[in-house]
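Asks: File name upload.txt; file contents compact mmCIF, C-alpha atoms and all ligand atoms; full text below.
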# COMPACT_ATOMS: atom_id res chain seq x y z
CA MET A 1 148.94 109.90 112.38
CA ASN A 2 148.66 111.37 108.88
CA PRO A 3 144.96 112.24 108.41
CA LEU A 4 145.33 112.94 104.71
CA PRO A 5 144.06 110.71 101.89
CA THR A 6 145.49 110.21 98.40
CA LEU A 7 144.07 112.80 96.01
CA PHE A 8 143.55 112.58 92.27
CA ARG A 9 144.46 115.12 89.65
CA THR A 10 141.92 117.12 87.67
CA HIS A 11 142.85 118.75 84.34
CA LEU A 12 146.19 120.52 84.29
CA GLU A 13 146.02 124.33 84.27
CA ILE A 14 149.38 125.54 85.57
CA LEU A 15 153.00 124.65 84.89
CA GLN A 16 155.15 125.98 87.72
CA VAL A 17 158.74 126.33 86.57
CA ASN A 18 161.46 126.57 89.18
CA LEU A 19 164.30 128.32 87.37
CA GLY A 20 166.86 127.58 90.07
CA TYR A 21 167.59 127.98 93.75
CA ARG A 22 169.83 131.03 93.54
CA CYS A 23 168.43 134.10 95.27
CA ASN A 24 169.81 137.46 96.35
CA GLN A 25 168.04 136.95 99.71
CA ARG A 26 168.16 134.23 102.34
CA CYS A 27 164.79 134.47 104.13
CA LEU A 28 164.14 132.72 107.44
CA HIS A 29 161.06 130.85 106.20
CA CYS A 30 162.35 129.84 102.73
CA HIS A 31 161.06 126.38 101.81
CA VAL A 32 163.68 125.81 99.09
CA ASN A 33 166.70 126.95 101.13
CA ALA A 34 167.46 129.51 98.42
CA GLY A 35 170.34 131.95 98.74
CA PRO A 36 173.20 133.70 96.94
CA GLU A 37 175.47 130.65 97.36
CA ARG A 38 173.14 128.24 95.52
CA THR A 39 174.36 127.35 92.03
CA GLU A 40 171.51 125.16 90.72
CA MET A 41 170.01 126.96 87.70
CA MET A 42 167.90 125.76 84.77
CA ASP A 43 170.07 125.68 81.61
CA GLN A 44 169.00 126.78 78.13
CA ALA A 45 168.42 123.23 76.87
CA THR A 46 165.95 122.60 79.70
CA ILE A 47 164.26 125.96 79.03
CA HIS A 48 163.72 124.74 75.46
CA GLU A 49 162.28 121.46 76.79
CA VAL A 50 159.85 123.46 78.91
CA ILE A 51 158.75 125.41 75.82
CA ALA A 52 158.40 122.18 73.80
CA TYR A 53 156.24 120.66 76.56
CA LEU A 54 154.03 123.74 76.66
CA GLU A 55 153.46 123.54 72.90
CA SER A 56 151.84 120.13 73.38
CA SER A 57 149.91 120.87 76.58
CA ASN A 58 146.58 122.39 77.59
CA VAL A 59 148.24 124.49 80.29
CA GLN A 60 146.99 128.08 80.52
CA THR A 61 149.40 129.59 83.05
CA VAL A 62 153.17 129.47 83.37
CA ASP A 63 154.22 130.27 86.94
CA LEU A 64 157.89 131.25 87.24
CA THR A 65 159.55 130.74 90.59
CA GLY A 66 162.89 129.97 92.23
CA GLY A 67 165.03 131.17 94.14
CA ALA A 68 164.73 134.43 92.35
CA PRO A 69 163.66 133.37 88.83
CA GLU A 70 164.88 136.65 87.33
CA LEU A 71 168.50 135.67 88.13
CA ASN A 72 168.35 132.87 85.58
CA PRO A 73 170.15 134.10 82.41
CA TYR A 74 167.37 132.64 80.22
CA PHE A 75 164.50 134.22 82.18
CA LYS A 76 163.75 136.78 79.46
CA GLU A 77 163.88 134.16 76.71
CA LEU A 78 161.35 132.01 78.55
CA VAL A 79 159.04 134.96 79.21
CA GLN A 80 159.19 136.18 75.60
CA SER A 81 158.54 132.72 74.19
CA THR A 82 155.67 131.82 76.51
CA ARG A 83 153.97 135.19 76.13
CA ALA A 84 154.29 134.94 72.34
CA MET A 85 152.59 131.52 72.60
CA GLY A 86 149.70 133.17 74.46
CA PHE A 87 150.28 131.84 77.99
CA HIS A 88 149.46 133.84 81.07
CA VAL A 89 152.83 134.29 82.79
CA LEU A 90 153.38 134.87 86.52
CA ASP A 91 156.66 136.06 88.00
CA ARG A 92 157.11 135.25 91.70
CA CYS A 93 159.31 138.18 92.52
CA ASN A 94 161.04 139.08 95.78
CA LEU A 95 161.14 142.77 94.62
CA THR A 96 164.74 143.46 95.75
CA VAL A 97 166.09 141.35 92.90
CA LEU A 98 164.89 144.04 90.50
CA GLU A 99 167.67 146.28 91.85
CA GLN A 100 170.41 143.70 91.36
CA PRO A 101 173.26 144.75 89.06
CA GLY A 102 172.71 143.50 85.51
CA LEU A 103 168.92 143.42 85.81
CA GLU A 104 168.34 147.09 85.04
CA GLY A 105 165.19 147.66 82.99
CA LEU A 106 163.59 144.36 84.00
CA GLU A 107 160.51 146.11 85.40
CA GLU A 108 159.90 147.68 81.99
CA PHE A 109 160.43 144.31 80.31
CA LEU A 110 157.85 142.68 82.60
CA ALA A 111 155.36 145.47 81.94
CA LYS A 112 155.92 145.33 78.18
CA HIS A 113 155.16 141.60 78.17
CA HIS A 114 152.20 141.93 80.56
CA VAL A 115 153.68 139.53 83.09
CA GLU A 116 151.67 139.29 86.31
CA ILE A 117 153.89 139.98 89.33
CA ILE A 118 153.35 138.11 92.59
CA ALA A 119 155.59 139.90 95.06
CA SER A 120 156.58 138.83 98.57
CA LEU A 121 155.98 141.41 101.28
CA PRO A 122 155.30 139.68 104.61
CA CYS A 123 154.29 142.90 106.39
CA TYR A 124 153.79 146.63 105.91
CA MET A 125 156.15 147.28 108.86
CA LYS A 126 159.89 147.66 108.26
CA GLU A 127 160.99 145.76 111.39
CA ASN A 128 158.98 142.66 110.50
CA VAL A 129 160.06 142.52 106.86
CA ASP A 130 163.74 143.05 107.68
CA TYR A 131 163.57 140.41 110.46
CA GLN A 132 162.32 137.73 108.07
CA ARG A 133 163.97 138.76 104.80
CA GLY A 134 167.13 140.64 105.75
CA GLU A 135 168.30 144.13 106.69
CA GLY A 136 167.29 146.79 104.16
CA VAL A 137 164.79 144.57 102.31
CA PHE A 138 161.75 146.66 103.30
CA LYS A 139 163.22 149.95 102.03
CA THR A 140 164.28 148.42 98.72
CA SER A 141 160.93 146.64 98.34
CA LEU A 142 159.05 149.93 98.72
CA ARG A 143 161.29 151.62 96.15
CA VAL A 144 160.62 148.80 93.67
CA LEU A 145 156.87 148.76 94.38
CA LYS A 146 156.71 152.51 93.70
CA LYS A 147 158.52 152.00 90.42
CA LEU A 148 156.13 149.20 89.45
CA ASN A 149 153.19 151.48 90.29
CA ARG A 150 154.66 154.22 88.08
CA LEU A 151 154.80 151.71 85.21
CA GLY A 152 151.09 150.96 85.77
CA TYR A 153 151.36 147.83 87.90
CA GLY A 154 148.49 147.62 90.41
CA GLN A 155 146.73 150.63 88.83
CA THR A 156 143.06 150.29 87.90
CA GLY A 157 142.53 149.75 84.20
CA SER A 158 146.21 149.22 83.32
CA GLY A 159 145.93 145.45 82.86
CA LEU A 160 149.23 145.12 84.77
CA VAL A 161 148.57 142.94 87.79
CA LEU A 162 150.58 143.27 90.99
CA ASN A 163 149.65 140.89 93.81
CA LEU A 164 151.39 140.80 97.17
CA VAL A 165 152.15 137.79 99.36
CA TYR A 166 151.98 137.65 103.14
CA ASN A 167 153.36 134.77 105.16
CA PRO A 168 153.44 134.58 108.95
CA LEU A 169 156.51 135.80 110.79
CA GLY A 170 156.35 132.89 113.23
CA SER A 171 154.70 129.57 114.06
CA PHE A 172 151.10 130.60 113.56
CA LEU A 173 148.54 130.53 110.76
CA PRO A 174 147.89 133.59 108.60
CA PRO A 175 145.07 135.92 109.65
CA GLN A 176 141.96 136.19 107.49
CA GLN A 177 143.09 137.11 103.97
CA SER A 178 140.38 139.68 103.18
CA PHE A 179 140.92 141.46 106.52
CA LEU A 180 144.68 141.60 106.00
CA GLU A 181 144.28 142.76 102.41
CA ASP A 182 142.28 145.75 103.67
CA GLU A 183 144.99 146.49 106.26
CA TYR A 184 147.76 146.32 103.65
CA ARG A 185 145.79 148.52 101.27
CA ARG A 186 145.24 151.15 103.91
CA GLU A 187 148.74 151.08 105.42
CA LEU A 188 150.70 150.92 102.15
CA GLY A 189 148.38 153.50 100.58
CA GLU A 190 148.38 156.03 103.41
CA ARG A 191 152.04 155.70 104.39
CA TYR A 192 153.70 155.26 100.99
CA GLY A 193 151.09 155.82 98.25
CA ILE A 194 151.52 152.22 97.05
CA VAL A 195 148.68 150.36 95.29
CA PHE A 196 148.28 146.68 94.42
CA ASN A 197 145.58 144.31 93.20
CA HIS A 198 145.28 141.52 95.78
CA LEU A 199 147.02 140.13 98.82
CA TYR A 200 147.59 136.39 99.10
CA THR A 201 148.15 134.85 102.52
CA ILE A 202 150.33 131.73 102.47
CA THR A 203 150.96 129.33 105.37
CA ASN A 204 154.59 128.57 106.20
CA MET A 205 155.51 125.00 105.35
CA PRO A 206 157.20 123.04 108.15
CA ILE A 207 160.11 122.11 105.89
CA HIS A 208 163.70 123.23 105.30
CA ARG A 209 164.66 126.67 106.66
CA PHE A 210 161.35 127.26 108.44
CA GLU A 211 161.52 123.79 110.00
CA THR A 212 165.08 124.51 111.16
CA LEU A 213 163.82 127.70 112.78
CA LEU A 214 160.97 125.83 114.47
CA ILE A 215 163.41 123.22 115.82
CA ALA A 216 165.76 125.93 117.10
CA LYS A 217 162.87 127.58 118.96
CA GLY A 218 161.47 124.25 120.24
CA GLU A 219 158.24 124.90 118.33
CA ARG A 220 158.22 122.17 115.68
CA LEU A 221 155.81 119.83 117.45
CA SER A 222 153.43 122.57 118.54
CA TYR A 223 153.35 123.93 114.97
CA LEU A 224 152.57 120.47 113.56
CA ASN A 225 149.84 120.08 116.19
CA LEU A 226 148.42 123.43 115.17
CA LEU A 227 148.31 122.32 111.52
CA HIS A 228 146.71 118.99 112.49
CA GLN A 229 144.05 120.67 114.59
CA ALA A 230 143.29 123.28 111.94
CA HIS A 231 143.08 120.74 109.08
CA ARG A 232 139.83 120.96 107.08
CA ASP A 233 138.74 118.18 104.74
CA SER A 234 136.90 120.79 102.67
CA ASN A 235 140.28 122.19 101.52
CA LEU A 236 141.30 118.89 99.91
CA GLU A 237 139.07 119.59 96.93
CA SER A 238 141.00 122.69 95.91
CA VAL A 239 144.65 122.14 96.89
CA MET A 240 146.79 123.47 94.07
CA CYS A 241 148.53 120.19 93.20
CA ARG A 242 145.30 118.87 91.68
CA ARG A 243 145.66 121.27 88.72
CA LEU A 244 149.39 122.08 88.70
CA ILE A 245 152.73 120.39 88.15
CA SER A 246 156.08 121.76 89.20
CA VAL A 247 159.29 121.27 87.24
CA ASP A 248 162.74 121.74 88.74
CA TYR A 249 165.88 123.23 87.20
CA GLN A 250 166.80 119.83 85.70
CA GLY A 251 163.38 119.25 84.16
CA VAL A 252 162.25 116.71 86.79
CA VAL A 253 158.50 116.85 87.54
CA PHE A 254 156.88 117.12 90.99
CA ASP A 255 153.30 117.47 92.25
CA CYS A 256 154.18 120.90 93.68
CA ASP A 257 157.10 123.14 94.61
CA PHE A 258 157.02 121.88 98.23
CA ASN A 259 157.44 118.26 97.12
CA GLN A 260 160.22 119.48 94.84
CA ALA A 261 161.95 121.05 97.84
CA LEU A 262 161.60 117.73 99.69
CA GLY A 263 162.88 115.66 96.74
CA LEU A 264 159.58 113.77 96.29
CA PRO A 265 159.03 113.51 92.50
CA LEU A 266 155.68 112.91 90.80
CA ARG A 267 154.88 109.19 90.69
CA TRP A 268 154.45 108.01 87.12
CA LYS A 269 154.69 104.47 85.76
CA ASP A 270 156.63 103.36 88.87
CA LYS A 271 159.59 105.46 87.76
CA PRO A 272 161.71 107.01 90.52
CA ARG A 273 161.51 110.33 88.65
CA VAL A 274 160.00 111.59 85.44
CA HIS A 275 161.38 114.27 83.13
CA LEU A 276 159.03 116.87 81.67
CA SER A 277 159.94 115.77 78.13
CA GLU A 278 158.47 112.32 78.90
CA LEU A 279 155.08 113.87 79.68
CA LYS A 280 154.60 115.57 76.30
CA GLY A 281 151.03 114.94 75.18
CA ILE A 282 150.24 112.90 78.35
CA ASP A 283 146.97 113.70 80.13
CA LEU A 284 147.63 113.47 83.87
CA GLU A 285 143.96 113.74 84.85
CA GLY A 286 143.09 111.03 87.37
CA PHE A 287 146.71 110.48 88.47
CA PRO A 288 147.13 109.98 92.24
CA ILE A 289 148.81 112.50 94.53
CA PRO A 290 149.88 110.92 97.82
CA LEU A 291 149.61 113.48 100.63
CA LEU A 292 152.10 113.54 103.50
CA GLU A 293 152.25 115.40 106.80
CA HIS A 294 153.68 118.63 105.32
CA CYS A 295 150.52 118.83 103.15
CA LEU A 296 148.70 120.01 106.28
CA GLY A 297 150.33 123.36 105.49
CA CYS A 298 147.94 123.49 102.50
CA THR A 299 144.84 122.15 104.25
CA ALA A 300 144.95 123.95 107.62
CA GLY A 301 142.55 126.79 108.38
CA ALA A 302 141.36 128.63 105.28
CA GLY A 303 143.83 126.55 103.28
CA SER A 304 146.91 127.77 101.45
CA SER A 305 148.19 127.75 97.90
CA CYS A 306 150.51 129.81 95.73
CA THR A 307 147.53 132.09 95.15
CA GLY A 308 146.45 132.42 98.76
CA VAL A 309 143.55 130.90 100.66
CA LEU A 310 141.48 128.00 99.34
CA SER A 311 138.19 128.68 101.11
CA SER A 312 136.15 131.43 102.70
CA PRO A 313 136.35 131.93 106.46
CA GLY A 314 134.05 129.66 108.37
S1 LIG A 401 161.69 133.03 100.29
FE1 LIG A 401 161.93 133.76 98.19
S2 LIG A 401 163.14 135.65 98.37
FE2 LIG A 401 163.38 134.53 100.28
S3 LIG A 401 165.24 133.29 100.03
FE3 LIG A 401 163.50 131.99 99.43
S4 LIG A 401 163.32 132.27 97.22
FE4 LIG A 401 164.56 133.97 98.00
S1 LIG A 402 152.15 120.22 99.80
FE1 LIG A 402 150.14 120.99 99.18
S2 LIG A 402 150.27 121.27 96.98
FE2 LIG A 402 151.95 119.92 97.59
S3 LIG A 402 151.21 117.83 97.36
FE3 LIG A 402 150.80 118.46 99.47
S4 LIG A 402 148.70 119.29 99.42
FE4 LIG A 402 149.44 119.20 97.33
What's the structure tokens form of this structure?
Ligand code: SF4
Ligand code: SF4

Replies:
Amino acid sequence: MNPLPTLFRTHLEILQVNLGYRCNQRCLHCHVNAGPERTEMMDQATIHEVIAYLESSNVQTVDLTGGAPELNPYFKELVQSTRAMGFHVLDRCNLTVLEQPGLEGLEEFLAKHHVEIIASLPCYMKENVDYQRGEGVFKTSLRVLKKLNRLGYGQTGSGLVLNLVYNPLGSFLPPQQSFLEDEYRRELGERYGIVFNHLYTITNMPIHRFETLLIAKGERLSYLNLLHQAHRDSNLESVMCRRLISVDYQGVVFDCDFNQALGLPLRWKDKPRVHLSELKGIDLEGFPIPLLEHCLGCTAGAGSSCTGVLSSPG
């Protein structure tokens, strides 16, 4: 039985923009099934619609994701425009993409525009990272992290924020975020001289590639049971969808990136789907968000969002 109620939106703070499902990696847990073979990418006209929507909104943060958002040919245009308009811009970066041919100098571009980087690094051990994200990913990730540190990212007083993301390597919940952050800081610092601002722990969603993996290992039901048992009502207050909308590469709006991955658009005026351009000037506060079983991935344990846990350990 789904124990989750319908929630209602508060004021909108974040526009999460999915620039397309193409990625240079093909990670085991990927909730959007991203990979090098995916061709769905936001076109320039839709980028301009995103900018037009932002002009009329009260959003403070633009959260760029994908796939690998940097592979979109209009990534720089969107960053330049939104930074010039005064938005806080986040780049959800898989690190290795910054060594892809044609993207040379992108680290400097991100630093110049003071883009916050949220970088995936599911462990400080090579074996674990390469298992989940592909052979050679750990070595490349370290090289890129060192370069970002040299540019000032993660360094005290630089104003260039570098946050890392951990997600479990299997069918279990993340450990305590503050404990793991200390571990990462010590291990990455002592072994490689790498510094960062914060670590976010994110629960794996039982959808798409991670769900396929669970099914293959016969662990889907036990993982769902774990999420059910660990559900906390107290997390409902702060799940990210209450203050965020997610837009896909075609401009269609969703309550979050997970619902986007599942093809469950935001419900508005009984329309099967709503385009971002239709929401210009519309205040979504008070709009309902129906929660489904996968939402337990956000409400289990300390809770999970694109910026880590929702509540303190207890
Ligand atoms: S998890 Fe991130 S880096 Fe990995 S395939 Fe998906 S989008 Fe790419
Ligand atoms: S998956 Fe999480 S963020 Fe998305 S609608 Fe459910 S509770 Fe909200």

Asks: Check which residues fall inside 8 Å of ligand LIG 401 (chain A) when counting all atoms listed in the file, and print them as a list in words.

Replies: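 Taking all atoms listed in the file into account, the residues around ligand LIG 401 (chain A) at most 8 Å away are Tyr21, Arg22, Cys23, Asn24, Gln25, Arg26, Cys27, Leu28, His29, Cys30, His31, Val32, Asn33, Ala34, Gly35, Thr65, Gly66, Gly67, Ala68, Cys93, Asn94, Ser120 and Arg133 of chain A.
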
Asks: Generate the output file for the selected residues, C-alpha atoms, as a compact mmCIF listing (two decimals), in the coordinates of the input.

Replies:
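For reference, out17.txt as written:
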# COMPACT_ATOMS: atom_id res chain seq x y z
CA TYR A 21 167.59 127.98 93.75
CA ARG A 22 169.83 131.03 93.54
CA CYS A 23 168.43 134.10 95.27
CA ASN A 24 169.81 137.46 96.35
CA GLN A 25 168.04 136.95 99.71
CA ARG A 26 168.16 134.23 102.34
CA CYS A 27 164.79 134.47 104.13
CA LEU A 28 164.14 132.72 107.44
CA HIS A 29 161.06 130.85 106.20
CA CYS A 30 162.35 129.84 102.73
CA HIS A 31 161.06 126.38 101.81
CA VAL A 32 163.68 125.81 99.09
CA ASN A 33 166.70 126.95 101.13
CA ALA A 34 167.46 129.51 98.42
CA GLY A 35 170.34 131.95 98.74
CA THR A 65 159.55 130.74 90.59
CA GLY A 66 162.89 129.97 92.23
CA GLY A 67 165.03 131.17 94.14
CA ALA A 68 164.73 134.43 92.35
CA CYS A 93 159.31 138.18 92.52
CA ASN A 94 161.04 139.08 95.78
CA SER A 120 156.58 138.83 98.57
CA ARG A 133 163.97 138.76 104.80

Asks: Which residues sit within 9 Å of ligand LIG 402 (chain A), counting all atoms listed in the file, listed as an mmCIF file with C-alpha atoms, in the frame of the given file?

Replies:
data_model
loop_
_atom_site.group_PDB
_atom_site.id
_atom_site.type_symbol
_atom_site.label_atom_id
_atom_site.label_comp_id
_atom_site.auth_asym_id
_atom_site.auth_seq_id
_atom_site.Cartn_x
_atom_site.Cartn_y
_atom_site.Cartn_z
ATOM 1 C CA LEU A 4 145.330 112.940 104.710
ATOM 2 C CA LEU A 7 144.070 112.800 96.010
ATOM 3 C CA MET A 205 155.510 125.000 105.350
ATOM 4 C CA LEU A 236 141.300 118.890 99.910
ATOM 5 C CA VAL A 239 144.650 122.140 96.890
ATOM 6 C CA MET A 240 146.790 123.470 94.070
ATOM 7 C CA CYS A 241 148.530 120.190 93.200
ATOM 8 C CA ARG A 242 145.300 118.870 91.680
ATOM 9 C CA LEU A 244 149.390 122.080 88.700
ATOM 10 C CA PHE A 254 156.880 117.120 90.990
ATOM 11 C CA ASP A 255 153.300 117.470 92.250
ATOM 12 C CA CYS A 256 154.180 120.900 93.680
ATOM 13 C CA ASP A 257 157.100 123.140 94.610
ATOM 14 C CA PHE A 258 157.020 121.880 98.230
ATOM 15 C CA ASN A 259 157.440 118.260 97.120
ATOM 16 C CA GLN A 260 160.220 119.480 94.840
ATOM 17 C CA ILE A 289 148.810 112.500 94.530
ATOM 18 C CA PRO A 290 149.880 110.920 97.820
ATOM 19 C CA LEU A 291 149.610 113.480 100.630
ATOM 20 C CA LEU A 292 152.100 113.540 103.500
ATOM 21 C CA GLU A 293 152.250 115.400 106.800
ATOM 22 C CA HIS A 294 153.680 118.630 105.320
ATOM 23 C CA CYS A 295 150.520 118.830 103.150
ATOM 24 C CA LEU A 296 148.700 120.010 106.280
ATOM 25 C CA GLY A 297 150.330 123.360 105.490
ATOM 26 C CA CYS A 298 147.940 123.490 102.500
ATOM 27 C CA THR A 299 144.840 122.150 104.250
ATOM 28 C CA SER A 304 146.910 127.770 101.450
ATOM 29 C CA SER A 305 148.190 127.750 97.900
ATOM 30 C CA CYS A 306 150.510 129.810 95.730
#

Asks: Find, counting all atoms listed in the file, the residue in A:Gly251, A:Ser311, A:Ala111, A:Gln80 that gets nearest to Arg150 (chain A).

Replies: A:Ala111

Asks: Please return, as a ChimeraX atom specification, all polymer residues that have at least one atom within 10 Å of the point (161.7, 119.6, 76.3); use all atoms listed in the file and the file's own coordinate frame.

Replies: /A:45-55,251,275-280

Asks: Report the distance between CA of Leu169 (chain A) and CA of Asn128 (chain A) in Å, rounded to one decimal place.

Replies: 7.3 Å

Asks: So that I can check the surroundings of Gly301 (chain A), please list as a PyMOL selection string every protein, DNA and RNA residue that reaches within 7 Å of it, counting all atoms listed in the file and ignoring chain neighbours fewer than 6 positions away.

Replies: chain A and resi 230-232

Asks: Report, as JSON, the centre and edge lengths in Å (one decimal) of the axis-aligned box enclosing every listed atom of region 105-124 of chain A, padded by 4 Å on each side.

Replies:
{"center_x": 158.4, "center_y": 142.9, "center_z": 92.3, "size_x": 21.5, "size_y": 17.6, "size_z": 36.2}

Asks: What is the distance, in Å and to one decimal place, between CA of Ile194 (chain A) and CA of Asp91 (chain A)?

Replies: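 The value is 19.2 Å.
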
Asks: Could you check which of A:Ile282, A:Glu237, A:Ala216, A:Glu107 is closest to Phe8 (chain A), using only C-alpha atoms?

Replies: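 Closest candidate: A:Glu237.
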
Asks: Please, what distance in Å, to one decimal, runs between CA of Asn163 (chain A) and CA of Gly105 (chain A)?

Replies: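 CA of Gly105 (chain A) lies at a distance of 20.1 Å from CA of Asn163 (chain A).
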